[in-house]
file coords05.txt (compact mmCIF, C-alpha atoms and all ligand atoms)
# COMPACT_ATOMS: atom_id res chain seq x y z
CA MET P 1 10.92 7.12 -5.30
CA SER P 2 14.34 5.96 -6.34
CA VAL P 3 16.25 5.18 -9.49
CA ASP P 4 15.92 1.43 -8.88
CA ALA P 5 12.11 1.52 -8.33
CA LEU P 6 11.31 0.00 -11.74
CA ASN P 7 12.96 -3.27 -10.77
CA ALA P 8 10.02 -4.01 -8.43
CA VAL P 9 7.33 -3.41 -11.07
CA CYS P 10 6.19 -7.04 -10.85
CA PRO P 11 7.37 -9.93 -8.66
CA TYR P 12 8.69 -13.00 -10.40
CA TYR P 13 8.87 -16.45 -8.89
CA THR P 14 12.53 -17.30 -8.19
CA MET P 15 13.81 -13.77 -8.78
CA TYR P 16 17.09 -12.90 -7.09
CA PRO P 17 17.72 -9.60 -5.29
CA LEU P 18 19.04 -6.67 -7.32
CA ASP P 19 22.06 -6.36 -4.99
CA PHE P 20 23.56 -9.59 -6.34
CA PRO P 21 24.11 -8.66 -10.01
CA LEU P 22 24.70 -5.03 -9.00
CA ARG P 23 27.50 -6.01 -6.61
CA VAL P 24 29.30 -8.33 -9.02
CA LEU P 25 29.03 -5.97 -11.99
CA LYS P 26 30.14 -2.98 -9.89
CA GLU P 27 33.10 -4.92 -8.57
CA HIS P 28 34.35 -6.37 -11.85
CA GLY P 29 32.75 -4.45 -14.73
CA ARG P 30 33.07 -1.14 -16.52
CA ARG P 31 30.60 1.18 -18.22
CA GLY P 32 29.93 0.09 -21.81
CA GLU P 33 30.81 -3.59 -21.35
CA TRP P 34 28.09 -5.99 -22.49
CA VAL P 35 26.35 -8.37 -20.09
CA ILE P 36 24.32 -11.49 -20.95
CA ASP P 37 21.77 -13.29 -18.80
CA PRO P 38 20.60 -16.48 -20.59
CA PHE P 39 17.99 -17.20 -17.85
CA CYS P 40 16.99 -13.60 -17.26
CA GLY P 41 13.62 -14.07 -15.48
CA ARG P 42 12.21 -10.63 -14.62
CA GLY P 43 15.42 -8.99 -15.93
CA THR P 44 17.19 -8.29 -12.63
CA THR P 45 20.63 -8.63 -14.24
CA ASN P 46 19.58 -6.40 -17.16
CA PHE P 47 18.32 -3.79 -14.76
CA ALA P 48 21.51 -3.88 -12.66
CA ALA P 49 23.55 -3.50 -15.86
CA ARG P 50 21.38 -0.55 -16.90
CA LEU P 51 21.99 1.20 -13.57
CA LEU P 52 25.73 0.87 -14.26
CA GLU P 53 25.37 2.01 -17.88
CA MET P 54 26.32 -1.41 -19.21
CA PRO P 55 24.36 -2.65 -22.25
CA SER P 56 22.81 -6.09 -21.83
CA VAL P 57 21.03 -9.02 -23.43
CA GLY P 58 18.43 -11.10 -21.61
CA VAL P 59 16.98 -14.39 -22.78
CA ASP P 60 14.14 -16.35 -21.21
CA SER P 61 11.75 -18.93 -22.60
CA SER P 62 8.89 -17.86 -20.34
CA PRO P 63 6.70 -15.19 -21.98
CA VAL P 64 6.02 -13.58 -18.58
CA ALA P 65 9.75 -13.29 -17.87
CA ALA P 66 10.50 -11.83 -21.29
CA ALA P 67 7.67 -9.27 -20.94
CA LEU P 68 8.99 -8.12 -17.56
CA ALA P 69 12.63 -8.07 -18.61
CA GLN P 70 11.78 -5.96 -21.69
CA ALA P 71 10.27 -3.38 -19.35
CA LYS P 72 13.55 -3.23 -17.39
CA LEU P 73 15.23 -1.73 -20.44
CA ALA P 74 12.38 0.60 -21.46
CA SER P 75 11.79 4.30 -20.73
CA ALA P 76 8.57 6.35 -20.79
CA ALA P 77 7.18 9.12 -18.62
CA PRO P 78 4.42 8.04 -16.18
CA GLY P 79 1.93 10.40 -17.88
CA ARG P 80 2.43 8.73 -21.25
CA VAL P 81 1.79 5.28 -19.79
CA VAL P 82 -1.43 6.45 -18.12
CA ALA P 83 -2.54 8.24 -21.30
CA SER P 84 -1.95 5.05 -23.26
CA ALA P 85 -4.16 3.04 -20.86
CA ARG P 86 -6.86 5.72 -20.99
CA ALA P 87 -6.81 5.77 -24.79
CA ILE P 88 -7.31 1.99 -24.95
CA LEU P 89 -10.14 2.05 -22.42
CA SER P 90 -11.93 5.01 -23.94
CA SER P 91 -11.88 3.51 -27.41
CA ALA P 92 -15.00 1.68 -26.12
CA LYS P 93 -14.12 -1.37 -28.19
CA GLU P 94 -15.91 -4.39 -26.76
CA PRO P 95 -13.40 -7.16 -25.97
CA ARG P 96 -13.81 -10.23 -28.18
CA ASP P 97 -12.87 -12.67 -25.48
CA VAL P 98 -14.01 -12.41 -21.84
CA PRO P 99 -13.36 -15.50 -19.69
CA THR P 100 -16.35 -16.92 -17.85
CA GLY P 101 -16.95 -19.26 -14.90
CA GLU P 102 -16.86 -19.22 -11.12
CA PHE P 103 -13.18 -18.34 -10.81
CA TRP P 104 -13.37 -15.30 -13.08
CA ARG P 105 -16.63 -14.09 -11.51
CA LEU P 106 -15.03 -14.07 -8.09
CA ALA P 107 -11.51 -13.01 -9.09
CA TYR P 108 -12.43 -9.69 -10.74
CA HIS P 109 -15.36 -7.32 -10.62
CA GLU P 110 -17.36 -7.53 -13.85
CA ARG P 111 -16.31 -4.02 -14.93
CA THR P 112 -12.65 -4.65 -14.06
CA LEU P 113 -12.59 -7.87 -16.07
CA ILE P 114 -13.99 -6.11 -19.15
CA GLN P 115 -11.35 -3.38 -18.85
CA LEU P 116 -8.57 -5.93 -18.36
CA CYS P 117 -9.73 -7.74 -21.49
CA GLN P 118 -9.75 -4.46 -23.45
CA LEU P 119 -6.20 -3.74 -22.33
CA ARG P 120 -5.14 -7.33 -23.01
CA GLU P 121 -6.50 -7.36 -26.55
CA ALA P 122 -5.02 -3.97 -27.42
CA MET P 123 -1.61 -5.11 -26.23
CA LEU P 124 -1.84 -8.44 -27.99
CA THR P 125 -2.38 -6.46 -31.18
CA ASP P 126 0.60 -4.18 -30.56
CA CYS P 127 3.07 -4.06 -27.71
CA SER P 128 6.11 -2.73 -29.50
CA SER P 129 6.52 0.79 -28.06
CA PRO P 130 8.37 1.38 -24.76
CA THR P 131 5.17 2.98 -23.40
CA ARG P 132 3.14 -0.17 -24.03
CA ILE P 133 5.93 -2.46 -22.80
CA LEU P 134 5.91 -0.52 -19.51
CA LEU P 135 2.11 -0.45 -19.35
CA ARG P 136 2.04 -4.24 -19.80
CA ALA P 137 4.58 -4.77 -16.99
CA ILE P 138 2.62 -2.44 -14.68
CA ILE P 139 -0.60 -4.37 -15.37
CA LEU P 140 1.16 -7.71 -14.82
CA GLY P 141 2.34 -6.41 -11.43
CA ALA P 142 -1.20 -5.29 -10.47
CA LEU P 143 -3.05 -8.35 -11.81
CA HIS P 144 -3.30 -10.22 -8.50
CA GLY P 145 -2.39 -9.47 -4.93
CA PRO P 146 -3.69 -8.66 -1.46
CA ARG P 147 -6.71 -6.43 -0.94
CA PRO P 148 -5.77 -3.67 1.48
CA LYS P 149 -8.31 -1.98 3.78
CA GLY P 150 -7.86 1.35 1.99
CA THR P 151 -7.28 2.09 -1.70
CA SER P 152 -6.78 -0.97 -3.90
CA SER P 153 -3.37 -1.50 -5.41
CA HIS P 154 -4.26 -4.71 -7.31
CA PHE P 155 -7.14 -5.47 -9.65
CA SER P 156 -8.10 -8.84 -8.14
CA ASN P 157 -9.95 -10.22 -5.18
CA GLN P 158 -7.65 -11.25 -2.27
CA SER P 159 -4.77 -13.29 -3.78
CA PRO P 160 -1.06 -13.91 -3.42
CA ARG P 161 1.18 -11.46 -5.23
CA THR P 162 4.02 -13.67 -6.39
CA PHE P 163 2.10 -16.62 -7.81
CA ALA P 164 -1.41 -16.89 -9.24
CA PRO P 165 -4.05 -18.65 -7.14
CA LYS P 166 -5.20 -22.06 -8.32
CA PRO P 167 -8.85 -21.68 -9.39
CA ALA P 168 -10.52 -24.37 -7.24
CA TYR P 169 -8.66 -23.34 -4.10
CA ALA P 170 -9.31 -19.63 -4.71
CA VAL P 171 -13.05 -20.11 -5.28
CA LYS P 172 -13.31 -22.12 -2.06
CA TYR P 173 -11.36 -19.48 -0.12
CA TRP P 174 -13.32 -16.49 -1.45
CA THR P 175 -16.64 -18.25 -0.89
CA LYS P 176 -15.76 -19.34 2.66
CA HIS P 177 -14.62 -15.83 3.59
CA ARG P 178 -17.50 -14.18 1.67
CA MET P 179 -15.06 -12.13 -0.35
CA ALA P 180 -16.50 -10.43 -3.41
CA PRO P 181 -14.20 -8.61 -5.85
CA THR P 182 -14.01 -4.82 -5.49
CA ASP P 183 -15.05 -2.48 -8.31
CA VAL P 184 -11.56 -0.97 -8.58
CA ASP P 185 -10.48 2.13 -10.49
CA VAL P 186 -8.19 0.51 -13.07
CA VAL P 187 -6.70 3.79 -14.34
CA ALA P 188 -6.03 5.06 -10.80
CA ILE P 189 -4.13 1.84 -9.99
CA ILE P 190 -2.10 2.19 -13.18
CA ARG P 191 -1.40 5.87 -12.44
CA ALA P 192 -0.22 5.20 -8.86
CA ARG P 193 2.07 2.43 -10.10
CA ALA P 194 3.39 4.41 -13.07
CA GLU P 195 4.30 7.26 -10.73
CA ARG P 196 5.95 4.89 -8.27
CA TYR P 197 8.01 2.95 -10.80
CA LEU P 198 8.73 5.50 -13.53
CA SER P 199 9.18 8.90 -11.88
CA GLU P 200 12.92 8.60 -11.49
CA PRO P 201 14.13 6.84 -14.63
CA PRO P 202 17.48 5.05 -14.73
CA PRO P 203 19.89 5.88 -17.60
CA SER P 204 18.92 4.66 -21.06
CA VAL P 205 21.30 2.00 -22.34
CA ARG P 206 21.33 -0.32 -25.31
CA GLY P 207 20.09 -3.84 -24.90
CA MET P 208 17.61 -6.46 -25.97
CA VAL P 209 15.48 -9.17 -24.44
CA GLN P 210 14.53 -12.26 -26.37
CA LEU P 211 11.78 -14.76 -25.74
CA ALA P 212 13.82 -17.80 -26.74
CA ASP P 213 15.42 -21.05 -25.65
CA SER P 214 19.02 -20.59 -24.47
CA ARG P 215 19.87 -24.20 -25.33
CA GLN P 216 19.62 -23.27 -29.01
CA VAL P 217 22.82 -21.86 -30.44
CA ASP P 218 20.87 -19.62 -32.86
CA THR P 219 19.38 -17.71 -29.94
CA PHE P 220 22.73 -15.93 -29.53
CA LYS P 221 23.60 -15.32 -33.16
CA ASP P 222 22.93 -11.54 -33.05
CA VAL P 223 24.28 -11.02 -29.55
CA PRO P 224 27.27 -8.63 -29.29
CA GLU P 225 30.44 -10.00 -27.64
CA ALA P 226 30.00 -9.71 -23.90
CA HIS P 227 32.38 -9.38 -20.95
CA PHE P 228 30.00 -10.84 -18.40
CA VAL P 229 27.39 -13.51 -18.01
CA VAL P 230 25.51 -13.12 -14.73
CA THR P 231 22.65 -15.52 -14.20
CA SER P 232 20.67 -17.98 -12.13
CA PRO P 233 19.37 -21.07 -13.94
CA PRO P 234 16.39 -23.03 -12.67
CA TYR P 235 17.35 -25.11 -9.64
CA TYR P 236 17.16 -28.80 -10.46
CA GLY P 237 13.81 -30.27 -9.38
CA MET P 238 12.02 -26.92 -9.02
CA ARG P 239 9.87 -26.72 -12.08
CA THR P 240 6.64 -24.91 -11.33
CA TYR P 241 7.45 -21.60 -12.99
CA LEU P 242 4.81 -21.43 -15.69
CA PRO P 243 1.70 -22.98 -14.06
CA ASP P 244 2.26 -20.73 -11.05
CA GLN P 245 2.06 -17.71 -13.29
CA TRP P 246 -0.96 -18.75 -15.26
CA LEU P 247 -2.92 -15.49 -14.75
CA ARG P 248 -0.03 -13.34 -15.98
CA LEU P 249 0.41 -15.77 -18.86
CA TRP P 250 -3.27 -15.38 -19.70
CA PHE P 251 -2.87 -11.60 -19.84
CA ILE P 252 -0.12 -11.86 -22.40
CA GLY P 253 -2.02 -14.25 -24.65
CA GLY P 254 -2.16 -17.61 -22.85
CA PRO P 255 -5.26 -19.69 -22.08
CA ASP P 256 -7.75 -18.72 -19.36
CA PHE P 257 -7.03 -21.92 -17.37
CA VAL P 258 -3.97 -23.49 -15.73
CA GLU P 259 -1.89 -25.61 -18.06
CA TYR P 260 0.26 -28.24 -16.35
CA ARG P 261 2.00 -29.87 -19.26
CA GLN P 262 5.78 -29.42 -19.58
CA PRO P 263 6.14 -25.92 -20.95
CA HIS P 264 7.93 -25.50 -24.22
CA GLY P 265 11.52 -24.19 -24.05
CA GLN P 266 12.19 -24.89 -20.37
CA LEU P 267 15.12 -27.00 -19.11
CA THR P 268 13.79 -30.49 -18.46
CA HIS P 269 13.95 -31.87 -14.92
CA THR P 270 13.75 -35.55 -15.84
CA GLY P 271 17.18 -36.57 -14.49
CA ALA P 272 20.15 -34.76 -12.97
CA LYS P 273 22.54 -35.86 -15.71
CA HIS P 274 20.22 -34.77 -18.48
CA PHE P 275 19.65 -31.46 -16.70
CA SER P 276 23.43 -30.86 -16.43
CA ASN P 277 23.80 -31.60 -20.14
CA GLU P 278 21.12 -29.07 -20.98
CA MET P 279 22.78 -26.39 -18.82
CA ASN P 280 26.08 -27.29 -20.48
CA ARG P 281 24.58 -26.36 -23.85
CA VAL P 282 23.68 -22.93 -22.48
CA TRP P 283 27.16 -22.31 -20.98
CA THR P 284 28.74 -23.39 -24.26
CA ASN P 285 26.48 -21.07 -26.26
CA VAL P 286 27.27 -18.04 -24.12
CA ALA P 287 31.00 -18.84 -24.06
CA GLY P 288 30.84 -18.48 -27.85
CA ARG P 289 29.50 -14.92 -27.46
CA THR P 290 31.98 -13.63 -24.89
CA THR P 291 35.39 -11.98 -25.03
CA LYS P 292 38.62 -13.63 -23.88
CA GLY P 293 38.88 -13.14 -20.12
CA ALA P 294 35.08 -12.87 -19.74
CA ARG P 295 33.49 -13.96 -16.47
CA LEU P 296 30.49 -16.14 -15.80
CA ILE P 297 28.87 -15.67 -12.40
CA ILE P 298 26.08 -18.04 -11.42
CA ARG P 299 23.80 -18.15 -8.41
CA TYR P 300 22.80 -21.76 -7.95
CA GLY P 301 21.40 -24.01 -5.27
CA GLY P 302 18.66 -26.38 -4.29
CA ILE P 303 17.63 -29.03 -1.88
CA HIS P 304 20.34 -31.51 -0.92
CA ASP P 305 19.60 -34.84 -2.38
CA ARG P 306 22.00 -37.76 -2.84
CA GLU P 307 20.83 -38.19 -6.41
CA ALA P 308 21.25 -34.54 -7.35
CA GLU P 309 23.48 -32.53 -5.04
CA PRO P 310 23.18 -28.95 -6.43
CA MET P 311 26.92 -28.21 -6.71
CA GLY P 312 27.48 -31.61 -8.35
CA VAL P 313 24.82 -30.81 -10.96
CA LEU P 314 26.34 -27.40 -11.62
CA LYS P 315 29.98 -28.58 -11.74
CA ALA P 316 29.05 -31.32 -14.22
CA SER P 317 27.32 -28.73 -16.41
CA LEU P 318 30.47 -26.62 -16.59
CA LEU P 319 32.73 -29.43 -17.89
CA HIS P 320 33.91 -28.80 -21.46
CA SER P 321 31.71 -25.70 -21.69
CA GLY P 322 34.45 -23.17 -22.33
CA TRP P 323 34.35 -22.00 -18.69
CA ARG P 324 36.68 -22.78 -15.79
CA MET P 325 35.28 -22.59 -12.26
CA VAL P 326 37.41 -20.37 -10.01
CA THR P 327 35.52 -20.03 -6.72
CA ALA P 328 32.21 -20.86 -5.11
CA LYS P 329 30.95 -18.83 -2.16
CA ALA P 330 27.91 -19.65 -0.06
CA VAL P 331 25.25 -16.94 -0.43
CA PRO P 332 25.65 -14.55 2.52
CA ASP P 333 23.23 -14.67 5.41
CA SER P 334 22.05 -11.15 4.61
CA ASP P 335 20.33 -12.57 1.53
CA ARG P 336 18.46 -15.19 3.53
CA GLY P 337 14.69 -14.82 3.35
CA ARG P 338 14.96 -13.34 -0.14
CA ARG P 339 16.53 -16.46 -1.50
CA GLN P 340 15.14 -18.25 -4.50
CA VAL P 341 14.49 -21.52 -2.67
CA ARG P 342 12.44 -19.81 0.06
CA GLN P 343 9.82 -19.14 -2.55
CA PHE P 344 9.26 -22.88 -2.90
CA GLN P 345 9.28 -23.91 0.75
CA ALA P 346 8.51 -21.44 3.54
CA GLU P 347 10.23 -23.71 6.09
CA PRO P 348 12.46 -26.05 4.11
CA LYS P 349 12.47 -29.59 5.47
CA LYS P 350 15.79 -30.48 3.89
CA ALA P 351 19.06 -28.55 4.01
CA ILE P 352 19.29 -25.94 1.31
CA THR P 353 22.39 -24.09 0.24
CA GLU P 354 22.89 -21.48 -2.43
CA TYR P 355 26.24 -20.61 -3.94
CA ASP P 356 27.64 -17.83 -6.05
CA VAL P 357 29.96 -19.55 -8.48
CA TYR P 358 32.64 -17.55 -10.34
CA CYS P 359 34.10 -18.84 -13.61
CA HIS P 360 36.55 -17.51 -16.21
CA ARG P 361 36.55 -18.15 -19.94
CA ALA P 362 38.86 -21.13 -20.33
C1 LIG S 1 15.86 -18.82 -11.51
S1 LIG S 1 14.93 -18.10 -12.77
C2 LIG S 1 15.83 -16.62 -13.11
C3 LIG S 1 15.40 -15.50 -12.22
C4 LIG S 1 16.11 -14.18 -12.48
N1 LIG S 1 17.47 -14.21 -11.98
C5 LIG S 1 15.34 -13.04 -11.84
O1 LIG S 1 15.89 -12.34 -10.98
O2 LIG S 1 14.15 -12.89 -12.16
C6 LIG S 1 15.33 -19.15 -14.10
C7 LIG S 1 14.67 -18.76 -15.41
O3 LIG S 1 15.15 -19.65 -16.43
C8 LIG S 1 14.14 -19.70 -17.42
N2 LIG S 1 14.44 -20.85 -18.31
C9 LIG S 1 14.32 -22.18 -18.06
N3 LIG S 1 14.74 -22.91 -19.11
C10 LIG S 1 15.14 -22.01 -20.06
C11 LIG S 1 15.68 -22.15 -21.37
N4 LIG S 1 15.88 -23.34 -21.92
N5 LIG S 1 16.02 -21.01 -22.05
C12 LIG S 1 15.81 -19.79 -21.51
N6 LIG S 1 15.28 -19.61 -20.27
C13 LIG S 1 14.96 -20.70 -19.56
C14 LIG S 1 12.86 -19.81 -16.61
O4 LIG S 1 11.75 -19.42 -17.39
C15 LIG S 1 13.16 -18.85 -15.45
O5 LIG S 1 12.65 -17.58 -15.72
call {"tool": "encode", "arguments": {"input": "coords05.txt", "output": "C-alpha cells", "more": "lines below"}}
Ligand SMILES: C[S@@+](CC[C@H](N)C(=O)[O-])C[C@H]1O[C@@H](n2cnc3c(N)ncnc32)[C@H](O)[C@@H]1O
result
Amino acid sequence: MSVDALNAVCPYYTMYPLDFPLRVLKEHGRRGEWVIDPFCGRGTTNFAARLLEMPSVGVDSSPVAAALAQAKLASAAPGRVVASARAILSSAKEPRDVPTGEFWRLAYHERTLIQLCQLREAMLTDCSSPTRILLRAIILGALHGPRPKGTSSHFSNQSPRTFAPKPAYAVKYWTKHRMAPTDVDVVAIIRARAERYLSEPPPSVRGMVQLADSRQVDTFKDVPEAHFVVTSPPYYGMRTYLPDQWLRLWFIGGPDFVEYRQPHGQLTHTGAKHFSNEMNRVWTNVAGRTTKGARLIIRYGGIHDREAEPMGVLKASLLHSGWRMVTAKAVPDSDRGRRQVRQFQAEPKKAITEYDVYCHRA
C-alpha cells in the first residue's frame, strides 16, 4: 500500500509513467500552483499534482479517460466504496439491458454479467459522488484482464488488461482453449481493489476534470490561471484509442459492440499539417489560461516517417501558439519499456524516439 496506489486503478492505453509529471512538477512547481493537462488520459498529471498539493484541471474527449481522471482527484474510504457496490447489487433491480451473443456468453459468467449490468445502470443514473466515481474506476480496472490460477482479480474470461479483446478473435481464442468464464465474486474483487487503491489516500486538493474537446476555446473558460501545462498529446498516426477500449466504453454508456468510426472530439490524423494545426489550437487555448512565465512541458514522439517526423509535427504546432520552445530532451532509457509507443508495437520496426519538450510562455 502506498500513497500513489490509486494511480494504477485502471490501465489506460498510451498512459505515461507517474514519475514524469511528478519529476517536472517537483522540480519547477510549488504547492498551490495550478496545473492543466489538456490531453489528460487516465489523469496521471492530475494525480502527480495532487501528490504535490497542486490543484489541477484535466481535459480529455474520451469518456473512459475522463472517468478515470475524475477518480484521480476523488477521495472515499474503501469501506464506503464496497458498501455502495453492495447496496446497488442488493437492490435486486433487474437490469434493463443485458448484452447477448457469443462474445458476451464467453466473456463473462451469466451471473457476473447481470451484476455488471446492475452496476452499470445504477452508475449511468448517478455517478456524481466521489464514492461512485471511485467505484466506477475500480470496476473499469477489473472489467477485463488475465485469469490467475488462484483468486480472480478481474471479472472477465482470459483477456488483455490494457485493451479490450476484439470479439471475433476472443471467441475463437476462448473456444480453442476451452476457456469458460469463471463465476467470480464481484464484491470480493471490488473489496480487494478498494483496499489496494484507497487505503492510503493522497492529500485532497481542488481540481476538476472535463469530458471535452481541447481544441474548443470554450472548454477552458472556467479554468483558473495556471502555472503549468504538463501533457502528452496523441502521437501522430496512432489513433486506436477508443475502439481499443470498447468494453470500458460500454460500461460507461457506450454500445455493446466495437465502433470503428472516427470518434467525436479526437484530434484528426488525416495529414501531418492538419494535425499540427489542431494541436496549435490546443496550445493557444491553454496559453490563454496561464500566468506570465508559465511553462508547458510535453512528452511527444512517434515513428520516424519522412512525411511526419514527430519533432517536426510538434515544432510546427507550437508556432504562433503563445509558447516558445526552450529545450527538447530525449526520454531517458530508464523509461524504456513503459513508453507510450511500446503499447502500439511490441518490437517497433521503425526507429522511435520520444522527447520531453520544455516551453515558456512567449
Ligand atoms: C497520449 S494520451 C494521454 C495519456 C496521459 N498522459 C496518461 O498518462 O494517461 C492522449 C489523450 O488525448 C486525448 N485527446 C485526443 N484528442 C483530444 C481533444 N481534441 N481534446 C481532448 N483530448 C483529446 C485522447 O483521448 C487521449 O486520452
call {"tool": "atom_distance", "arguments": {"input": "coords05.txt", "atom1": "CA of Gly322 (chain P)", "atom2": "CA of Gly293 (chain P)"}}
result
11.2 Å
call {"tool": "axis_aligned_box", "arguments": {"input": "coords05.txt", "around": "ligand LIG 1 (chain S)", "padding_each_side": "5 Å", "output": "lines of an AutoDock Vina configuration file"}}
result
center_x = 14.6
center_y = -17.8
center_z = -16.5
size_x = 15.7
size_y = 21.0
size_z = 21.1
call {"tool": "closest_atom_pairs", "arguments": {"input": "coords05.txt", "of": "chain P", "to": "ligand LIG 1 (chain S)", "cutoff": "9 Å", "atoms": "only C-alpha atoms and all ligand atoms", "output": "tab-separated table"}}
result
residue	atom	partner	partner_atom	distance
P:Pro11	CA	S:LIG1	O2	8.2
P:Tyr12	CA	S:LIG1	O2	5.7
P:Tyr13	CA	S:LIG1	O2	7.2
P:Thr14	CA	S:LIG1	C1	4.9
P:Met15	CA	S:LIG1	O1	3.3
P:Tyr16	CA	S:LIG1	O1	4.1
P:Pro17	CA	S:LIG1	O1	6.6
P:Leu18	CA	S:LIG1	O1	7.4
P:Pro21	CA	S:LIG1	N1	8.9
P:Asp37	CA	S:LIG1	N1	8.1
P:Pro38	CA	S:LIG1	C12	5.9
P:Phe39	CA	S:LIG1	O3	4.0
P:Cys40	CA	S:LIG1	C4	4.9
P:Gly41	CA	S:LIG1	O2	3.6
P:Arg42	CA	S:LIG1	O2	3.9
P:Gly43	CA	S:LIG1	O2	5.6
P:Thr44	CA	S:LIG1	O1	4.6
P:Thr45	CA	S:LIG1	N1	6.8
P:Val59	CA	S:LIG1	C12	5.7
P:Asp60	CA	S:LIG1	N6	3.6
P:Ser61	CA	S:LIG1	N6	4.3
P:Ser62	CA	S:LIG1	O4	4.4
P:Pro63	CA	S:LIG1	O4	8.0
P:Val64	CA	S:LIG1	O5	8.3
P:Ala65	CA	S:LIG1	O5	5.6
P:Ala66	CA	S:LIG1	O5	8.3
P:Leu68	CA	S:LIG1	O2	8.9
P:Ala69	CA	S:LIG1	O2	8.2
P:Leu211	CA	S:LIG1	C12	7.7
P:Ala212	CA	S:LIG1	C12	5.9
P:Asp213	CA	S:LIG1	N5	3.6
P:Ser214	CA	S:LIG1	N5	3.9
P:Arg215	CA	S:LIG1	N4	5.3
P:Gln216	CA	S:LIG1	N4	8.0
P:Val230	CA	S:LIG1	N1	8.6
P:Thr231	CA	S:LIG1	N1	5.8
P:Ser232	CA	S:LIG1	C1	4.9
P:Pro233	CA	S:LIG1	C6	4.5
P:Pro234	CA	S:LIG1	C6	4.3
P:Tyr235	CA	S:LIG1	C1	6.7
P:Arg239	CA	S:LIG1	C9	8.7
P:Tyr241	CA	S:LIG1	O4	6.5
P:Leu242	CA	S:LIG1	O4	7.4
P:His264	CA	S:LIG1	N4	8.6
P:Gly265	CA	S:LIG1	N4	4.9
P:Gln266	CA	S:LIG1	N3	3.5
P:Leu267	CA	S:LIG1	N3	4.1
P:Thr268	CA	S:LIG1	N3	7.7
P:Glu278	CA	S:LIG1	N4	7.8
P:Met279	CA	S:LIG1	N4	8.2
P:Val282	CA	S:LIG1	N4	7.8
P:Arg299	CA	S:LIG1	N1	8.3
P:Tyr300	CA	S:LIG1	C1	8.3
P:Gln340	CA	S:LIG1	C1	7.1
call {"tool": "atom_distance", "arguments": {"input": "coords05.txt", "atom1": "CA of Arg191 (chain P)", "atom2": "CA of Ser156 (chain P)"}}
result
16.7 Å
call {"tool": "closest_residue", "arguments": {"input": "coords05.txt", "among": "P:Pro55, P:Pro95, P:Pro130, P:Gly312", "to": "Gln118 (chain P)", "atoms": "only C-alpha atoms"}}
result
P:Pro95
call {"tool": "atom_distance", "arguments": {"input": "coords05.txt", "atom1": "CA of Leu113 (chain P)", "atom2": "CA of Ser128 (chain P)"}}
result
23.6 Å
call {"tool": "residues_around", "arguments": {"input": "coords05.txt", "residues": "Thr162 (chain P)", "least_positions_apart": "2", "cutoff": "10 Å", "atoms": "only C-alpha atoms", "output": "list in words"}}
result
Cys10, Pro11, Tyr12, Tyr13, Thr14, Gly141, His144, Gly145, Ser159, Pro160, Ala164, Pro165, Asp244, Gln245 and Gln343 of chain P
call {"tool": "closest_residue", "arguments": {"input": "coords05.txt", "among": "P:Ala226, P:Val9, P:Ala107, P:Met238", "to": "Leu135 (chain P)", "atoms": "all atoms listed in the file"}}
result
P:Val9
call {"tool": "closest_residue", "arguments": {"input": "coords05.txt", "among": "P:Val24, P:Leu89, P:Val82, P:Val184", "to": "Val357 (chain P)", "atoms": "only C-alpha atoms"}}
result
P:Val24
call {"tool": "residues_near_point", "arguments": {"input": "coords05.txt", "point": "(-9.7, -7.7, -25.3)", "cutoff": "8 Å", "atoms": "only C-alpha atoms", "output": "number ranges by chain"}}
result
P: 94-98, 114-122
call {"tool": "residues_around", "arguments": {"input": "coords05.txt", "residues": "Lys329 (chain P)", "least_positions_apart": "4", "cutoff": "12 Å", "atoms": "only C-alpha atoms", "output": "number ranges by chain"}}
result
P: 297-301, 311, 325, 333, 353-359
call {"tool": "residues_around", "arguments": {"input": "coords05.txt", "residues": "Asn280 (chain P)", "least_positions_apart": "3", "cutoff": "7 Å", "atoms": "only C-alpha atoms", "output": "PyMOL selection string"}}
result
chain P and resi 276-277+283-284+317-318+321
